[in-house]
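Okay, structure first, notes after.
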Amino acid sequence: MKWHPGHHGHHGRHGVVKKLKFFRTSLKVCGVIVFSETLIVGRFGDKKKVSCPSLWSGKYWKTQKSDLYLHRILPSNHLILTIPSELFYYPIGKDGLLHGRIKRLQKKNRELTGTGKYKKRKNTHDQITHEESTQIQTTAAAVVDEDAQRREDENIVFLKNASVTHQKGEIIRRFKENQNHRKRHYQTILVDYREVLKLMPELLLFDFESQYGPKNVRVKLTSLLQKIDEEYPLLSDARQKRNNEIIDEWTTSIQGFLKVLSFFPPVNTDANKQKATIKDSLSSFIIFFPLGTPPSEIMDDINKRGEGIQFFADGSNKKALSNFYLKVDDLILKIKATDFIDAFDFIFKVNFALNIDFKKCHSNFYKFIQHYIYGISLQKIPVSLKSVAARCNLN
């Protein structure tokens, strides 16, 4: 390509030149021709050259004249002023007159055509409104929720008809998969999962452990019972006598828990009801039924004692127990436990898993166990709890 520069000076802008396209790539540009506000890249063989007749005005470039250098590459009356390429195009810093001009041309091209060589950027007109964004998110969430709901419903149907003998692994997997469903519908857990919980009540422990972690408190409970055995004789004789009328009827392990309970007076929140006593608290902690008692008779007896969760056992007598049970609403769950400590651990965790409040007359006792044995902190620790903890050397 031949180069035909015009005369320098006030006639320079009328010279005959060929305008070339600008390139974004990092070219080894040796120069840029400047005619007022028009930038033109010219090629001389294998090099790029720049002619800047109006550069000296400082309008487009702020530099010392010593930074520029002249070359006689044309006849003496046609001087080409060349400058380092970095001054006009510096790709690393995204700076320079040429870089700015390229960006302006790209923006103009996008505005006119909406497309181009370079990816179109969103401007304020392209951005969706807040209402549109909310609608999109809601629609997406609805699709996800619909799929999740379908899977949850399928799992519930499966769990209602599954065989514990042949599908135990799949039962556990699907029960865990439906954890979010139980969190949302904790009031109906015993309805939706009734059949499987009657056969595998230990599944409820998963919901407790998923939130609070695996809590192996057998050692702590055993230590607490030993400390209470040391502290209990320090109570007044009259108080011990009243308590022992109920405590002495039970097995040794249950006696220990009843002794702990006796350190926490019942909480009375209803002024219209008769004030509960320690004796009421001890006698309602666990109920005994002889072996072979019909389930209907058990339910009638427990229902007369009030609503809520109830712990009971059966056996030949209170010192020879065979099984432990938990009654919740109209469902009786048989507890798989080797002794009373395991059974109590199950009862405590199920209360949390089903989001059921403890009985009012036992509330301080269970708060004490919650905070000092299971490590589930209370927002406010009653003084009576701190007092018993100090006597048992618990932190």
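By convention in this document, the chains of the structure tokens carry letters A, B, ... by their order, each chain's residues are numbered from 1, and ligands are numbered from 1 in the order they are shown.
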Show which residues sit within 12 Å of A:Ala390, as a PyMOL selection string. Count only C-alpha atoms, and ignore same-chain residues fewer than 3 positions away.
-> chain A and resi 224+227-228+231+368+372+383-387+393-395
Would you put the residues from that selection into a file with all heavy atoms, as a CSV table (one decimal), in the first residue's frame?
```
chain,number,residue,atom,x,y,z
A,224,LEU,N,-22.9,-38.5,86.6
A,224,LEU,CA,-23.9,-37.7,87.3
A,224,LEU,C,-24.7,-38.5,88.4
A,224,LEU,O,-24.9,-38.1,89.5
A,224,LEU,CB,-24.9,-37.1,86.3
A,224,LEU,CG,-26.2,-36.4,86.9
A,224,LEU,CD1,-25.7,-35.2,87.7
A,224,LEU,CD2,-27.1,-36.0,85.8
A,227,LYS,N,-22.6,-39.0,91.4
A,227,LYS,CA,-22.5,-37.7,92.2
A,227,LYS,C,-23.7,-37.5,93.0
A,227,LYS,O,-23.7,-37.1,94.2
A,227,LYS,CB,-22.2,-36.5,91.3
A,227,LYS,CG,-20.8,-36.5,90.7
A,227,LYS,CD,-19.7,-36.2,91.7
A,227,LYS,CE,-18.4,-36.1,91.1
A,227,LYS,NZ,-17.3,-35.8,92.1
A,228,ILE,N,-24.9,-37.8,92.4
A,228,ILE,CA,-26.1,-37.6,93.1
A,228,ILE,C,-26.3,-38.6,94.3
A,228,ILE,O,-26.8,-38.2,95.3
A,228,ILE,CB,-27.3,-37.8,92.1
A,228,ILE,CG1,-27.4,-36.5,91.2
A,228,ILE,CG2,-28.6,-37.9,92.8
A,228,ILE,CD1,-27.7,-35.2,91.9
A,231,GLU,N,-24.7,-36.8,97.1
A,231,GLU,CA,-25.3,-35.6,97.5
A,231,GLU,C,-26.7,-35.9,98.1
A,231,GLU,O,-27.1,-35.1,99.0
A,231,GLU,CB,-25.5,-34.6,96.4
A,231,GLU,CG,-24.1,-34.1,95.8
A,231,GLU,CD,-23.4,-33.2,96.9
A,231,GLU,OE1,-24.1,-32.5,97.6
A,231,GLU,OE2,-22.2,-33.3,97.0
A,368,PHE,N,-31.5,-28.9,82.8
A,368,PHE,CA,-30.2,-29.2,83.5
A,368,PHE,C,-29.5,-30.3,82.6
A,368,PHE,O,-28.3,-30.2,82.3
A,368,PHE,CB,-30.5,-29.7,84.9
A,368,PHE,CG,-29.3,-30.2,85.6
A,368,PHE,CD1,-28.4,-29.3,86.2
A,368,PHE,CD2,-29.0,-31.6,85.6
A,368,PHE,CE1,-27.3,-29.8,86.9
A,368,PHE,CE2,-27.8,-32.0,86.3
A,368,PHE,CZ,-27.0,-31.1,86.9
A,372,TYR,N,-25.9,-29.3,80.8
A,372,TYR,CA,-24.7,-29.8,81.4
A,372,TYR,C,-24.3,-31.2,81.0
A,372,TYR,O,-23.2,-31.6,81.1
A,372,TYR,CB,-24.9,-29.8,83.0
A,372,TYR,CG,-24.9,-28.4,83.6
A,372,TYR,CD1,-26.2,-27.8,83.9
A,372,TYR,CD2,-23.8,-27.7,83.7
A,372,TYR,CE1,-26.2,-26.6,84.5
A,372,TYR,CE2,-23.8,-26.4,84.3
A,372,TYR,CZ,-25.0,-25.8,84.6
A,372,TYR,OH,-25.1,-24.6,85.2
A,383,VAL,N,-30.9,-20.2,88.4
A,383,VAL,CA,-30.0,-20.4,89.6
A,383,VAL,C,-30.1,-21.8,90.2
A,383,VAL,O,-29.1,-22.4,90.6
A,383,VAL,CB,-30.4,-19.4,90.7
A,383,VAL,CG1,-29.6,-19.6,91.9
A,383,VAL,CG2,-30.2,-17.9,90.2
A,384,SER,N,-31.3,-22.4,90.2
A,384,SER,CA,-31.4,-23.8,90.7
A,384,SER,C,-30.6,-24.8,89.9
A,384,SER,O,-30.0,-25.7,90.5
A,384,SER,CB,-32.9,-24.2,90.7
A,384,SER,OG,-33.4,-24.2,89.4
A,385,LEU,N,-30.4,-24.6,88.6
A,385,LEU,CA,-29.6,-25.4,87.8
A,385,LEU,C,-28.1,-25.3,88.2
A,385,LEU,O,-27.4,-26.2,88.3
A,385,LEU,CB,-29.8,-25.2,86.3
A,385,LEU,CG,-31.0,-25.9,85.6
A,385,LEU,CD1,-32.3,-25.5,86.2
A,385,LEU,CD2,-30.9,-25.7,84.1
A,386,LYS,N,-27.7,-24.0,88.3
A,386,LYS,CA,-26.3,-23.7,88.7
A,386,LYS,C,-25.9,-24.3,90.0
A,386,LYS,O,-24.8,-24.8,90.2
A,386,LYS,CB,-26.1,-22.2,88.7
A,386,LYS,CG,-26.2,-21.6,87.3
A,386,LYS,CD,-25.9,-20.1,87.4
A,386,LYS,CE,-26.0,-19.4,86.1
A,386,LYS,NZ,-25.8,-17.9,86.2
A,387,SER,N,-26.9,-24.3,90.9
A,387,SER,CA,-26.6,-24.8,92.3
A,387,SER,C,-26.4,-26.3,92.2
A,387,SER,O,-25.5,-26.8,92.9
A,387,SER,CB,-27.8,-24.5,93.2
A,387,SER,OG,-27.7,-25.1,94.5
A,393,ASN,N,-20.1,-30.9,90.6
A,393,ASN,CA,-18.9,-30.5,90.0
A,393,ASN,C,-19.0,-30.5,88.4
A,393,ASN,O,-18.1,-31.0,87.7
A,393,ASN,CB,-17.7,-31.5,90.4
A,393,ASN,CG,-17.5,-31.4,91.9
A,393,ASN,OD1,-17.5,-30.3,92.5
A,393,ASN,ND2,-17.1,-32.5,92.5
A,394,LEU,N,-20.1,-30.0,87.9
A,394,LEU,CA,-20.3,-29.9,86.5
A,394,LEU,C,-20.1,-28.4,86.1
A,394,LEU,O,-20.4,-27.5,86.8
A,394,LEU,CB,-21.7,-30.3,86.1
A,394,LEU,CG,-22.1,-31.8,86.4
A,394,LEU,CD1,-23.6,-32.0,86.1
A,394,LEU,CD2,-21.3,-32.7,85.6
A,395,ASN,N,-19.5,-28.3,84.9
A,395,ASN,CA,-19.2,-26.9,84.4
A,395,ASN,C,-20.2,-26.6,83.3
A,395,ASN,O,-20.7,-27.4,82.6
A,395,ASN,CB,-17.8,-26.9,83.8
A,395,ASN,CG,-16.7,-27.2,84.8
A,395,ASN,OD1,-16.8,-26.8,85.9
A,395,ASN,ND2,-15.7,-27.9,84.3
```
Restrict the calculation to only C-alpha atoms, then for each residue of stretch 154-190 of chain A with any atom at most 12 Å from an atom of stretch 345-367 of chain A give the closest atom pair and their distance in Å to one decimal, rows by chain and rising residue number, as CSV.
```
residue,atom,partner,partner_atom,distance
A:Gln179,CA,A:Ala353,CA,10.7
A:Arg182,CA,A:Leu354,CA,9.0
A:Lys183,CA,A:Leu354,CA,9.2
A:Arg184,CA,A:Leu354,CA,11.6
A:His185,CA,A:Leu354,CA,10.1
A:Tyr186,CA,A:Leu354,CA,6.4
A:Gln187,CA,A:Leu354,CA,7.8
A:Thr188,CA,A:Leu354,CA,9.4
A:Ile189,CA,A:Leu354,CA,7.5
A:Leu190,CA,A:Leu354,CA,8.7
```
Emit the selected residues as a PDB file, in the first residue's frame, including N, CA, C and O atoms.
```pdb
ATOM      1  N   GLN A 179     -35.348 -35.267  55.192  1.00  0.00           N
ATOM      2  CA  GLN A 179     -35.155 -34.476  56.411  1.00  0.00           C
ATOM      3  C   GLN A 179     -35.773 -33.082  56.301  1.00  0.00           C
ATOM      4  O   GLN A 179     -36.418 -32.598  57.234  1.00  0.00           O
ATOM      5  N   ARG A 182     -39.450 -33.091  56.927  1.00  0.00           N
ATOM      6  CA  ARG A 182     -39.815 -33.183  58.348  1.00  0.00           C
ATOM      7  C   ARG A 182     -39.583 -31.866  59.076  1.00  0.00           C
ATOM      8  O   ARG A 182     -40.302 -31.539  60.023  1.00  0.00           O
ATOM      9  N   LYS A 183     -38.584 -31.100  58.639  1.00  0.00           N
ATOM     10  CA  LYS A 183     -38.355 -29.786  59.245  1.00  0.00           C
ATOM     11  C   LYS A 183     -39.527 -28.844  58.955  1.00  0.00           C
ATOM     12  O   LYS A 183     -39.924 -28.061  59.809  1.00  0.00           O
ATOM     13  N   ARG A 184     -40.056 -28.928  57.754  1.00  0.00           N
ATOM     14  CA  ARG A 184     -41.166 -28.053  57.374  1.00  0.00           C
ATOM     15  C   ARG A 184     -42.488 -28.521  57.963  1.00  0.00           C
ATOM     16  O   ARG A 184     -43.377 -27.708  58.209  1.00  0.00           O
ATOM     17  N   HIS A 185     -42.610 -29.836  58.148  1.00  0.00           N
ATOM     18  CA  HIS A 185     -43.888 -30.399  58.593  1.00  0.00           C
ATOM     19  C   HIS A 185     -43.687 -31.216  59.867  1.00  0.00           C
ATOM     20  O   HIS A 185     -44.155 -32.352  59.966  1.00  0.00           O
ATOM     21  N   TYR A 186     -42.991 -30.619  60.832  1.00  0.00           N
ATOM     22  CA  TYR A 186     -42.692 -31.369  62.056  1.00  0.00           C
ATOM     23  C   TYR A 186     -43.966 -31.722  62.831  1.00  0.00           C
ATOM     24  O   TYR A 186     -43.973 -32.671  63.616  1.00  0.00           O
ATOM     25  N   GLN A 187     -45.043 -30.961  62.620  1.00  0.00           N
ATOM     26  CA  GLN A 187     -46.289 -31.272  63.337  1.00  0.00           C
ATOM     27  C   GLN A 187     -46.902 -32.601  62.870  1.00  0.00           C
ATOM     28  O   GLN A 187     -47.664 -33.220  63.613  1.00  0.00           O
ATOM     29  N   THR A 188     -46.580 -33.024  61.652  1.00  0.00           N
ATOM     30  CA  THR A 188     -47.213 -34.237  61.100  1.00  0.00           C
ATOM     31  C   THR A 188     -46.221 -35.379  60.893  1.00  0.00           C
ATOM     32  O   THR A 188     -46.488 -36.305  60.126  1.00  0.00           O
ATOM     33  N   ILE A 189     -45.076 -35.315  61.553  1.00  0.00           N
ATOM     34  CA  ILE A 189     -44.078 -36.381  61.392  1.00  0.00           C
ATOM     35  C   ILE A 189     -44.669 -37.735  61.755  1.00  0.00           C
ATOM     36  O   ILE A 189     -44.489 -38.730  61.046  1.00  0.00           O
ATOM     37  N   LEU A 190     -45.408 -37.780  62.865  1.00  0.00           N
ATOM     38  CA  LEU A 190     -45.956 -39.059  63.333  1.00  0.00           C
ATOM     39  C   LEU A 190     -47.121 -39.541  62.489  1.00  0.00           C
ATOM     40  O   LEU A 190     -47.557 -40.683  62.630  1.00  0.00           O
TER      41      LEU A 190
END
```
Of the candidates A:Lys334, A:Arg151, A:Lys275, A:His371, which shows the shortest atom-to-atom distance to A:Leu199, using only C-alpha atoms?
-> A:Lys334
Rounded to one decimal in Å, what is the spacing between atom CA of A:Ile286 and atom CA of A:Ser377?
-> 25.7 Å
Selection near stretch 291-301 of chain A, 12 Å with only C-alpha atoms, sequence-local residues under 3 positions removed, as a PyMOL selection string | chain A and resi 287-288+304-307+309-318+320-333
Name the residues of stretch 162-277 of chain A that come out as helix (DSSP H, G or I) in a backbone DSSP run; write them as number ranges by chain.
-> A: 168-177, 179-184, 186-192, 194-199, 201-212, 218-234, 237-247, 252-261
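You will find atom CA of A:Cys392 at 22.0 Å from atom CA of A:Asp248.
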Taking only C-alpha atoms into account, which of A:Arg242, A:Lys380, A:Lys160, A:Arg101 comes nearest A:Leu197?
-> A:Lys160
I'd like a table as a tab-separated table: residues in stretch 154-224 of chain A with an atom no more than 12 Å from stretch 249-269 of chain A, each row giving the shortest atom pair and its distance in Å to one decimal, only C-alpha atoms counted, sorted by chain and rising residue number.
```
residue	atom	partner	partner_atom	distance
A:Leu221	CA	A:Phe257	CA	9.2
A:Thr222	CA	A:Gly256	CA	9.3
A:Ser223	CA	A:Gly256	CA	10.8
A:Leu224	CA	A:Val260	CA	8.4
```
Keeping only N, CA, C and O atoms, take the residues you just selected and write them out as a PDB file, in the first residue's frame.
```pdb
ATOM      1  N   LEU A 221     -23.726 -39.339  82.039  1.00  0.00           N
ATOM      2  CA  LEU A 221     -24.913 -39.693  82.830  1.00  0.00           C
ATOM      3  C   LEU A 221     -24.534 -40.608  83.999  1.00  0.00           C
ATOM      4  O   LEU A 221     -25.030 -40.440  85.124  1.00  0.00           O
ATOM      5  N   THR A 222     -23.655 -41.556  83.739  1.00  0.00           N
ATOM      6  CA  THR A 222     -23.210 -42.457  84.814  1.00  0.00           C
ATOM      7  C   THR A 222     -22.494 -41.686  85.910  1.00  0.00           C
ATOM      8  O   THR A 222     -22.716 -41.913  87.113  1.00  0.00           O
ATOM      9  N   SER A 223     -21.652 -40.741  85.498  1.00  0.00           N
ATOM     10  CA  SER A 223     -20.948 -39.917  86.487  1.00  0.00           C
ATOM     11  C   SER A 223     -21.914 -39.060  87.291  1.00  0.00           C
ATOM     12  O   SER A 223     -21.759 -38.893  88.505  1.00  0.00           O
ATOM     13  N   LEU A 224     -22.938 -38.509  86.619  1.00  0.00           N
ATOM     14  CA  LEU A 224     -23.943 -37.695  87.315  1.00  0.00           C
ATOM     15  C   LEU A 224     -24.681 -38.522  88.363  1.00  0.00           C
ATOM     16  O   LEU A 224     -24.888 -38.059  89.502  1.00  0.00           O
TER      17      LEU A 224
END
```
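The coordinates place atom CA of A:Gly375 at 27.6 Å from atom CA of A:Pro233.
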